[in-house]
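J.: Following this message is one structure expressed as structure tokens.
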Amino acid sequence: IKNIAVLTSGGDAPGMNAAIRAVVRTGIYHGINMFGVMQGYQGLITDNIKPMDARSVSNILHLGGTILKTARCLEFKTDEGQQIAYNNLKKNDIDGLVVIGGDGTFTGAKRFSETFGVKVIGIPGTIDNDLVGSDFTLGYDTAINTVIEAIDKIRDTADAHDRLFFIEVMGRDSGCIALRSSIASGAEAVLLPEKETSVNELIEKLALGAATKKSSSIVIVAEGHKQGGAYDIAKRVKETFDHYDTKVTILGHLQRGGSPSSFDRILGSRLGFAAVNALIAGETEQMVGLKGNEIKLTSIREALTAHSFKLEPDLMEMTEVLSI
Ligand code: ATP
């Protein structure tokens, strides 16, 4: 393999820059010419592909976002778009591609590889932690740290006023961010997409807390929760339980930003390093991931089709026990 390009696509996640840096420097270390594609698959179509040297990734390890930018590119979903992208890769003589993103990014990469034989390796970059083949996705740890920092601040004001806060966190259909942040912030309850919790059960729990002199309560609602978002749940709870003054906070996109945690910097570095080594070893259509503190390859097909319940059972049990 002589020329490798790297791109970030879909939603951005903290730690992507660490992965880009590792990809570029690992390739250069092995004498490979490295390229950065701007704005995800959009840059393949517009031929926005730039050579990268070791210095082009200096001082980015600590930055959130992605220096290569990211985009959602509808054209890449069409046969014509894929053909244009391939022509541009050929023009630049690129024979290997590292894509950093989520399931949409991998779906596009798999199709591209199957149609044109381009060698691709995926790095799971999403705060949602919703991919099979990696215990943790890039950005997930930083997002949880950001969430608990925000909740700690909300807790101060909740406690001062005897308030009940409903805090909605990101994660799409995954409750991973919600579950971990509920443990780390000592939330009174957490509503997850993976588990049915009736509003009545929630009210009972809050009432018990009030009866045992809890001065404030925090309820974390995962955005993918099936019975509604934080506003809906808060409204329904308030209809029958008005012990506390009720407030709602949607944390939103602040969860996607910020300087990556040490965990995400190290994970991004490991995954970037492993992705280039996999291409050198002749691998393709594989995702590099962290499994039990080892870097492992999973086929992109499996990463996209398999489903796993990622919530740790002990954490699920602890949310009930530790919040009494
Ligand atoms: P996140 O999980 O953070 O949203 P993602 O990678 O799933 O990240 P998407 O917007 O779903 O984000 O996908 C990123 C890009 O991948 C799309 O904008 C598109 O260019 C490409 N893509 C997605 N699905 C396909 C497909 N079926 N065929 C070709 N390309 C695709």
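Ligands are numbered from 1 in the order shown, chains are lettered A, B, ... in the order of the structure tokens, and residues start at 1 in each chain.
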Produce as a PyMOL selection string the set of residues near ligand 1, where near means within 6 Å with only C-alpha atoms and all ligand atoms considered.
T.: chain A and resi 9-11+41+72-74+76-77+101-105+107-108+126
J.: Put those residues in a file: N, CA and C atoms, as a PDB file, in the first residue's frame.
T.:
```pdb
ATOM      1  N   SER A   9     -16.575  11.457   9.155  1.00  0.00           N
ATOM      2  CA  SER A   9     -17.887  11.594   8.517  1.00  0.00           C
ATOM      3  C   SER A   9     -19.000  11.404   9.541  1.00  0.00           C
ATOM      4  N   GLY A  10     -20.186  11.905   9.229  1.00  0.00           N
ATOM      5  CA  GLY A  10     -21.315  11.808  10.173  1.00  0.00           C
ATOM      6  C   GLY A  10     -21.124  12.793  11.315  1.00  0.00           C
ATOM      7  N   GLY A  11     -21.639  12.447  12.484  1.00  0.00           N
ATOM      8  CA  GLY A  11     -21.509  13.343  13.633  1.00  0.00           C
ATOM      9  C   GLY A  11     -20.082  13.373  14.140  1.00  0.00           C
ATOM     10  N   TYR A  41     -17.299  12.284   3.070  1.00  0.00           N
ATOM     11  CA  TYR A  41     -17.435  11.802   1.687  1.00  0.00           C
ATOM     12  C   TYR A  41     -17.628  12.952   0.694  1.00  0.00           C
ATOM     13  N   ARG A  72     -22.600  15.541   6.261  1.00  0.00           N
ATOM     14  CA  ARG A  72     -23.501  14.483   5.803  1.00  0.00           C
ATOM     15  C   ARG A  72     -23.635  14.701   4.302  1.00  0.00           C
ATOM     16  N   CYS A  73     -23.323  13.676   3.531  1.00  0.00           N
ATOM     17  CA  CYS A  73     -23.234  13.846   2.078  1.00  0.00           C
ATOM     18  C   CYS A  73     -24.221  12.910   1.375  1.00  0.00           C
ATOM     19  N   LEU A  74     -25.305  13.497   0.901  1.00  0.00           N
ATOM     20  CA  LEU A  74     -26.350  12.680   0.256  1.00  0.00           C
ATOM     21  C   LEU A  74     -25.881  12.103  -1.073  1.00  0.00           C
ATOM     22  N   PHE A  76     -23.139  10.881  -1.955  1.00  0.00           N
ATOM     23  CA  PHE A  76     -22.355   9.650  -1.836  1.00  0.00           C
ATOM     24  C   PHE A  76     -23.258   8.420  -1.737  1.00  0.00           C
ATOM     25  N   LYS A  77     -24.550   8.676  -1.460  1.00  0.00           N
ATOM     26  CA  LYS A  77     -25.493   7.553  -1.378  1.00  0.00           C
ATOM     27  C   LYS A  77     -25.967   7.109  -2.760  1.00  0.00           C
ATOM     28  N   GLY A 101     -16.192   7.341  11.812  1.00  0.00           N
ATOM     29  CA  GLY A 101     -17.585   7.777  11.898  1.00  0.00           C
ATOM     30  C   GLY A 101     -18.459   6.714  12.516  1.00  0.00           C
ATOM     31  N   GLY A 102     -19.764   6.820  12.245  1.00  0.00           N
ATOM     32  CA  GLY A 102     -20.728   5.882  12.825  1.00  0.00           C
ATOM     33  C   GLY A 102     -21.267   4.915  11.784  1.00  0.00           C
ATOM     34  N   ASP A 103     -22.451   4.379  12.051  1.00  0.00           N
ATOM     35  CA  ASP A 103     -22.955   3.308  11.180  1.00  0.00           C
ATOM     36  C   ASP A 103     -23.224   3.770   9.745  1.00  0.00           C
ATOM     37  N   GLY A 104     -23.704   4.998   9.567  1.00  0.00           N
ATOM     38  CA  GLY A 104     -23.930   5.507   8.206  1.00  0.00           C
ATOM     39  C   GLY A 104     -22.619   5.559   7.428  1.00  0.00           C
ATOM     40  N   THR A 105     -21.589   6.041   8.089  1.00  0.00           N
ATOM     41  CA  THR A 105     -20.257   6.135   7.482  1.00  0.00           C
ATOM     42  C   THR A 105     -19.762   4.750   7.055  1.00  0.00           C
ATOM     43  N   THR A 107     -21.668   2.094   6.426  1.00  0.00           N
ATOM     44  CA  THR A 107     -22.530   1.586   5.344  1.00  0.00           C
ATOM     45  C   THR A 107     -22.008   2.099   4.004  1.00  0.00           C
ATOM     46  N   GLY A 108     -21.675   3.399   3.966  1.00  0.00           N
ATOM     47  CA  GLY A 108     -21.135   3.994   2.739  1.00  0.00           C
ATOM     48  C   GLY A 108     -19.796   3.387   2.353  1.00  0.00           C
ATOM     49  N   THR A 126     -18.169   7.919  17.537  1.00  0.00           N
ATOM     50  CA  THR A 126     -19.494   8.448  17.857  1.00  0.00           C
ATOM     51  C   THR A 126     -19.653   8.469  19.370  1.00  0.00           C
TER      52      THR A 126
END
```
J.: If you count only C-alpha atoms, which residues fall within 10 Å of Glu75 (chain A), apart from same-chain ones fewer than 4 positions away, as a VMD selection string?
T.: chain A and resid 41 to 42 45 79 to 82 84 to 85
J.: Please save N, CA, C and O atoms of the selected residues as an mmCIF file, in the first residue's frame.
T.:
```cif
data_model
loop_
_atom_site.group_PDB
_atom_site.id
_atom_site.type_symbol
_atom_site.label_atom_id
_atom_site.label_comp_id
_atom_site.auth_asym_id
_atom_site.auth_seq_id
_atom_site.Cartn_x
_atom_site.Cartn_y
_atom_site.Cartn_z
ATOM 1 N N TYR A 41 -17.299 12.284 3.070
ATOM 2 C CA TYR A 41 -17.435 11.802 1.687
ATOM 3 C C TYR A 41 -17.628 12.952 0.694
ATOM 4 O O TYR A 41 -17.339 12.822 -0.489
ATOM 5 N N GLN A 42 -18.078 14.104 1.205
ATOM 6 C CA GLN A 42 -18.234 15.282 0.336
ATOM 7 C C GLN A 42 -16.895 15.636 -0.320
ATOM 8 O O GLN A 42 -16.842 15.960 -1.512
ATOM 9 N N ILE A 45 -15.973 13.620 -3.282
ATOM 10 C CA ILE A 45 -16.719 13.986 -4.486
ATOM 11 C C ILE A 45 -16.207 15.301 -5.093
ATOM 12 O O ILE A 45 -16.124 15.444 -6.312
ATOM 13 N N ASP A 79 -25.262 6.017 -6.910
ATOM 14 C CA ASP A 79 -24.233 5.325 -7.702
ATOM 15 C C ASP A 79 -23.307 6.341 -8.374
ATOM 16 O O ASP A 79 -22.091 6.155 -8.413
ATOM 17 N N GLU A 80 -23.900 7.430 -8.864
ATOM 18 C CA GLU A 80 -23.100 8.451 -9.562
ATOM 19 C C GLU A 80 -22.086 9.087 -8.607
ATOM 20 O O GLU A 80 -20.920 9.291 -8.945
ATOM 21 N N GLY A 81 -22.575 9.404 -7.390
ATOM 22 C CA GLY A 81 -21.699 10.021 -6.381
ATOM 23 C C GLY A 81 -20.540 9.104 -6.035
ATOM 24 O O GLY A 81 -19.386 9.541 -5.912
ATOM 25 N N GLN A 82 -20.836 7.832 -5.880
ATOM 26 C CA GLN A 82 -19.785 6.864 -5.529
ATOM 27 C C GLN A 82 -18.749 6.772 -6.662
ATOM 28 O O GLN A 82 -17.555 6.675 -6.410
ATOM 29 N N ILE A 84 -17.982 9.162 -8.875
ATOM 30 C CA ILE A 84 -17.152 10.387 -8.879
ATOM 31 C C ILE A 84 -16.089 10.296 -7.776
ATOM 32 O O ILE A 84 -14.913 10.611 -7.985
ATOM 33 N N ALA A 85 -16.533 9.824 -6.605
ATOM 34 C CA ALA A 85 -15.601 9.685 -5.474
ATOM 35 C C ALA A 85 -14.469 8.725 -5.853
ATOM 36 O O ALA A 85 -13.286 9.004 -5.584
#
```
J.: For the contact check between region 127-201 of chain A and region 270-285 of chain A, emit one row per residue of region 127-201 of chain A within 12 Å, containing the shortest atom pair and the distance in Å rounded to one decimal, counting only C-alpha atoms, chain then rising number order, as a tab-separated table.
T.:
```
residue	atom	partner	partner_atom	distance
A:Ser134	CA	A:Leu271	CA	10.4
A:Phe136	CA	A:Leu271	CA	11.3
A:Thr137	CA	A:Leu271	CA	10.0
A:Leu138	CA	A:Leu271	CA	8.9
```
J.: Skipping near chain neighbours, those fewer than 2 positions away, what residues fall within 12 Å of Ala150 (chain A) using only C-alpha atoms, listed as a ChimeraX atom specification?
T.: /A:143-148,152-157,167-169,181,184-185,218,249-252,254-255
J.: List every residue of region 202-287 of chain A that DSSP, applied to the backbone, labels as helix (DSSP H, G or I), and write the result as a PyMOL selection string.
T.: chain A and resi 202-211+230-240+252-256+262-280
J.: Output N, CA and C atoms of each residue in that selection to a file, as a short mmCIF file (atom, residue, chain, number, x, y, z; two decimals), in the first residue's frame.
T.:
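Below is the file that was written, out.cif:
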```
data_model
loop_
_atom_site.label_atom_id
_atom_site.label_comp_id
_atom_site.auth_asym_id
_atom_site.auth_seq_id
_atom_site.Cartn_x
_atom_site.Cartn_y
_atom_site.Cartn_z
N LEU A 202 -41.87 5.61 38.22
CA LEU A 202 -40.99 6.75 38.45
C LEU A 202 -41.55 7.64 39.57
N ILE A 203 -42.84 7.88 39.53
CA ILE A 203 -43.47 8.72 40.56
C ILE A 203 -43.32 8.07 41.95
N GLU A 204 -43.52 6.76 42.00
CA GLU A 204 -43.37 6.05 43.28
C GLU A 204 -41.96 6.25 43.85
N LYS A 205 -41.00 6.14 42.94
CA LYS A 205 -39.61 6.28 43.37
C LYS A 205 -39.32 7.69 43.88
N LEU A 206 -39.83 8.67 43.16
CA LEU A 206 -39.60 10.06 43.56
C LEU A 206 -40.31 10.36 44.88
N ALA A 207 -41.50 9.78 45.04
CA ALA A 207 -42.27 10.00 46.27
C ALA A 207 -41.54 9.40 47.47
N LEU A 208 -40.93 8.26 47.24
CA LEU A 208 -40.16 7.61 48.32
C LEU A 208 -38.98 8.50 48.72
N GLY A 209 -38.33 9.05 47.73
CA GLY A 209 -37.21 9.95 47.99
C GLY A 209 -37.66 11.16 48.78
N ALA A 210 -38.79 11.73 48.39
CA ALA A 210 -39.31 12.92 49.09
C ALA A 210 -39.66 12.56 50.53
N ALA A 211 -40.28 11.36 50.72
CA ALA A 211 -40.68 10.93 52.06
C ALA A 211 -39.47 10.69 52.96
N ALA A 230 -37.64 14.49 27.82
CA ALA A 230 -37.66 15.02 29.17
C ALA A 230 -38.88 15.92 29.43
N TYR A 231 -39.27 16.73 28.43
CA TYR A 231 -40.44 17.62 28.63
C TYR A 231 -41.71 16.80 28.83
N ASP A 232 -41.89 15.76 28.00
CA ASP A 232 -43.11 14.93 28.11
C ASP A 232 -43.18 14.25 29.46
N ILE A 233 -42.06 13.65 29.84
CA ILE A 233 -42.05 12.90 31.10
C ILE A 233 -42.29 13.86 32.28
N ALA A 234 -41.61 15.01 32.23
CA ALA A 234 -41.77 15.98 33.32
C ALA A 234 -43.23 16.41 33.46
N LYS A 235 -43.89 16.62 32.34
CA LYS A 235 -45.29 17.07 32.34
C LYS A 235 -46.17 15.99 32.98
N ARG A 236 -45.94 14.75 32.58
CA ARG A 236 -46.78 13.67 33.11
C ARG A 236 -46.53 13.43 34.60
N VAL A 237 -45.29 13.57 35.01
CA VAL A 237 -45.00 13.39 36.44
C VAL A 237 -45.67 14.50 37.24
N LYS A 238 -45.56 15.71 36.74
CA LYS A 238 -46.08 16.89 37.46
C LYS A 238 -47.60 16.81 37.66
N GLU A 239 -48.28 16.14 36.73
CA GLU A 239 -49.74 16.04 36.83
C GLU A 239 -50.19 15.36 38.13
N THR A 240 -49.37 14.38 38.60
CA THR A 240 -49.78 13.69 39.83
C THR A 240 -48.83 13.91 41.01
N GLY A 252 -28.22 18.77 24.96
CA GLY A 252 -27.97 19.07 23.54
C GLY A 252 -26.53 18.96 23.09
N HIS A 253 -26.17 19.79 22.13
CA HIS A 253 -24.90 19.61 21.43
C HIS A 253 -23.64 19.90 22.23
N LEU A 254 -23.79 20.48 23.41
CA LEU A 254 -22.55 20.68 24.19
C LEU A 254 -21.92 19.32 24.51
N GLN A 255 -22.75 18.27 24.44
CA GLN A 255 -22.23 16.91 24.72
C GLN A 255 -21.29 16.41 23.63
N ARG A 256 -21.31 17.05 22.48
CA ARG A 256 -20.47 16.58 21.39
C ARG A 256 -19.11 17.27 21.35
N SER A 262 -8.52 11.83 28.62
CA SER A 262 -7.32 11.03 28.37
C SER A 262 -7.72 9.70 27.75
N PHE A 263 -8.84 9.14 28.21
CA PHE A 263 -9.30 7.85 27.67
C PHE A 263 -9.52 7.96 26.16
N ASP A 264 -10.21 9.01 25.72
CA ASP A 264 -10.49 9.14 24.28
C ASP A 264 -9.24 9.49 23.47
N ARG A 265 -8.31 10.22 24.07
CA ARG A 265 -7.05 10.51 23.34
C ARG A 265 -6.28 9.21 23.12
N ILE A 266 -6.26 8.39 24.15
CA ILE A 266 -5.52 7.12 24.04
C ILE A 266 -6.26 6.16 23.10
N LEU A 267 -7.59 6.10 23.26
CA LEU A 267 -8.37 5.22 22.38
C LEU A 267 -8.22 5.64 20.91
N GLY A 268 -8.33 6.95 20.65
CA GLY A 268 -8.17 7.45 19.27
C GLY A 268 -6.80 7.10 18.72
N SER A 269 -5.78 7.25 19.56
CA SER A 269 -4.41 6.93 19.11
C SER A 269 -4.28 5.44 18.81
N ARG A 270 -4.83 4.61 19.68
CA ARG A 270 -4.74 3.16 19.47
C ARG A 270 -5.49 2.74 18.21
N LEU A 271 -6.67 3.29 18.02
CA LEU A 271 -7.48 2.89 16.87
C LEU A 271 -6.87 3.38 15.55
N GLY A 272 -6.32 4.60 15.57
CA GLY A 272 -5.69 5.12 14.35
C GLY A 272 -4.46 4.31 13.97
N PHE A 273 -3.66 4.00 14.96
CA PHE A 273 -2.46 3.19 14.78
C PHE A 273 -2.84 1.82 14.22
N ALA A 274 -3.87 1.20 14.84
CA ALA A 274 -4.31 -0.15 14.42
C ALA A 274 -4.92 -0.13 13.02
N ALA A 275 -5.60 0.95 12.67
CA ALA A 275 -6.26 1.02 11.35
C ALA A 275 -5.22 0.99 10.23
N VAL A 276 -4.15 1.75 10.39
CA VAL A 276 -3.11 1.77 9.35
C VAL A 276 -2.36 0.43 9.33
N ASN A 277 -2.09 -0.11 10.49
CA ASN A 277 -1.44 -1.43 10.52
C ASN A 277 -2.30 -2.49 9.84
N ALA A 278 -3.62 -2.38 9.99
CA ALA A 278 -4.53 -3.35 9.36
C ALA A 278 -4.46 -3.21 7.83
N LEU A 279 -4.43 -1.96 7.35
CA LEU A 279 -4.31 -1.75 5.89
C LEU A 279 -2.98 -2.33 5.37
N ILE A 280 -1.92 -2.08 6.11
CA ILE A 280 -0.60 -2.59 5.71
C ILE A 280 -0.63 -4.12 5.66
#
```
J.: In Å, with one decimal, what is the gap from CA of Ile32 (chain A) to CA of Lys2 (chain A)?
T.: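 Separating CA of Ile32 (chain A) from CA of Lys2 (chain A) is a distance of 5.1 Å.
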J.: Neighbours of Ala54 (chain A) within 8 Å (only C-alpha atoms; same-chain residues fewer than 5 positions away dropped), as a list in words?
T.: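 Residues near the query, excluding close chain neighbours: Val24, Arg25 and Ile28 of chain A.
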J.: Compile the contact shell of region 288-295 of chain A as a PyMOL selection string: residues with an atom at most 6 Å away, counting only C-alpha atoms, same-chain residues fewer than 4 positions apart removed.
T.: chain A and resi 123+133-135
J.: So that I can check the secondary structure, give me every residue of region 36-216 of chain A assigned strand (DSSP E or B) by backbone DSSP, as number ranges by chain.
T.: A: 36-37, 49-52, 96-101, 119-125, 138, 163-169, 189-191
J.: Taking 6 positions as the minimum chain separation for residues in the same chain, which residues sit within 9 Å of Met52 (chain A) when counting only C-alpha atoms? Answer as a ChimeraX atom specification.
T.: /A:24,33-36
J.: Distance CA of Ala178 (chain A)-CA of Leu191 (chain A), one decimal place?
T.: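 Between CA of Ala178 (chain A) and CA of Leu191 (chain A) the gap is 7.7 Å.
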